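Only one structure is covered here, and it is reproduced in the block below.
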Amino acid sequence: MTYTGNISKDILWSIIIMSVFILPNLSWMVRVSITLAVLVITLYQVQLTITSDYLEYKIKLFKFTIYRKLLTPDKIKKIKFGRIGWSTKNAVVKVRRGFNFSVAQFYSTQLIAELEEFALENNIEVQKTKDYLLLEKYYSHN
């Protein structure tokens, strides 16, 4: 299954508010650079495809893929499950060579469950933090 994620809108609003106060005091070249950087940050998209054999992680800008990583189970060290904030589950895929990536920007509990299932099927080490175990315990009773 393929999941798509974007940058958090809270981060976007904080960048816009900060730029309103900072931009008027800077030269036009710096203002243009900051505006372009904010545009790129807001327009990128992340995709994660999970199959029984591999994970495919892509970063896209518009329709163009700027980063693509195909991860077979032997390239993954472990998947670490944790939490962000009060009740948001997260997973970080730790890779043997390359960049580790988080799935926080997908905002999907189904994705977390599929990642755990993928790890168990392919004998990948699973690490769960105490906070994550508390979330599992709380949500399994409701």
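Each chain in the structure tokens gets a letter, A, B and so on, in the order shown; residues start at 1 in every chain, and ligands are counted from 1 in the order they appear.
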Test item, strand (DSSP E) assignment across range 62-134 of chain A, answer as a PyMOL selection string: chain A and resi 64-71+76-84+88-95+101-102+125-128
Save the residues we just selected, C-alpha atoms, as a JSON list (two decimals), in the first residue's frame?
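Once everything was written out, this is part-v7.json:
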[["chain", "number", "residue", "atom", "x", "y", "z"],
["A", 64, "PHE", "CA", 9.58, 14.92, -9.91],
["A", 65, "THR", "CA", 11.25, 12.36, -7.67],
["A", 66, "ILE", "CA", 14.29, 13.94, -6.03],
["A", 67, "TYR", "CA", 15.13, 11.05, -3.67],
["A", 68, "ARG", "CA", 14.20, 7.37, -3.91],
["A", 69, "LYS", "CA", 15.29, 4.54, -1.65],
["A", 70, "LEU", "CA", 14.29, 0.91, -2.15],
["A", 71, "LEU", "CA", 14.78, -0.95, 1.13],
["A", 76, "ILE", "CA", 17.03, -2.33, 7.43],
["A", 77, "LYS", "CA", 18.68, -2.49, 10.88],
["A", 78, "LYS", "CA", 15.53, -2.04, 12.92],
["A", 79, "ILE", "CA", 12.26, -0.19, 13.17],
["A", 80, "LYS", "CA", 11.90, 1.90, 16.31],
["A", 81, "PHE", "CA", 8.38, 2.72, 17.44],
["A", 82, "GLY", "CA", 7.80, 5.74, 19.66],
["A", 83, "ARG", "CA", 5.41, 8.56, 20.18],
["A", 84, "ILE", "CA", 5.22, 12.24, 19.33],
["A", 88, "THR", "CA", 0.58, 10.34, 18.10],
["A", 89, "LYS", "CA", 2.37, 7.12, 17.25],
["A", 90, "ASN", "CA", 5.56, 7.27, 15.21],
["A", 91, "ALA", "CA", 8.05, 4.86, 13.69],
["A", 92, "VAL", "CA", 11.62, 5.45, 12.56],
["A", 93, "VAL", "CA", 13.12, 3.06, 10.03],
["A", 94, "LYS", "CA", 16.83, 2.66, 10.85],
["A", 95, "VAL", "CA", 18.79, 1.87, 7.68],
["A", 101, "PHE", "CA", 13.41, 8.15, 8.01],
["A", 102, "SER", "CA", 10.40, 8.81, 10.18],
["A", 125, "GLU", "CA", 14.33, -6.01, 14.89],
["A", 126, "VAL", "CA", 11.47, -4.06, 16.46],
["A", 127, "GLN", "CA", 12.14, -1.62, 19.30],
["A", 128, "LYS", "CA", 9.28, 0.01, 21.20]]
Which of range 10-99 of chain A fall in helix (DSSP H, G or I), as a PyMOL selection string: chain A and resi 10-25+28-43+73-75
Within 8 Å of Leu111 in chain A using only C-alpha atoms, minus same-chain residues under 4 positions, as a list in words: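 Near neighbours after the sequence-gap exclusion: Tyr3, Phe106 and Leu115 of chain A.
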Next, write the just-selected residues to a file, as a PDB file, in the first residue's frame, keeping N, CA and C atoms as the atom set.
ATOM      1  N   TYR A   3       1.423   5.262   0.930  1.00  0.00           N
ATOM      2  CA  TYR A   3       1.006   6.351   1.798  1.00  0.00           C
ATOM      3  C   TYR A   3       1.698   7.625   1.354  1.00  0.00           C
ATOM      4  N   PHE A 106       3.011  11.191   7.880  1.00  0.00           N
ATOM      5  CA  PHE A 106       1.933  10.476   7.194  1.00  0.00           C
ATOM      6  C   PHE A 106       0.635  10.483   7.993  1.00  0.00           C
ATOM      7  N   LEU A 115       3.781  -1.346   9.149  1.00  0.00           N
ATOM      8  CA  LEU A 115       5.234  -1.395   9.355  1.00  0.00           C
ATOM      9  C   LEU A 115       5.607  -2.455  10.376  1.00  0.00           C
TER      10      LEU A 115
END
For Trp86 in chain A, the nearest of the candidates A:Asp131, A:Asp53, A:Ser33, A:Thr109, counting only C-alpha atoms: A:Asp131
Residues near Phe118 in chain A, cut-off 10 Å, only C-alpha atoms, skip fewer than 3 positions along chain, as a VMD selection string: chain A and resid 50 to 55 73 79 112 to 115 121 to 124
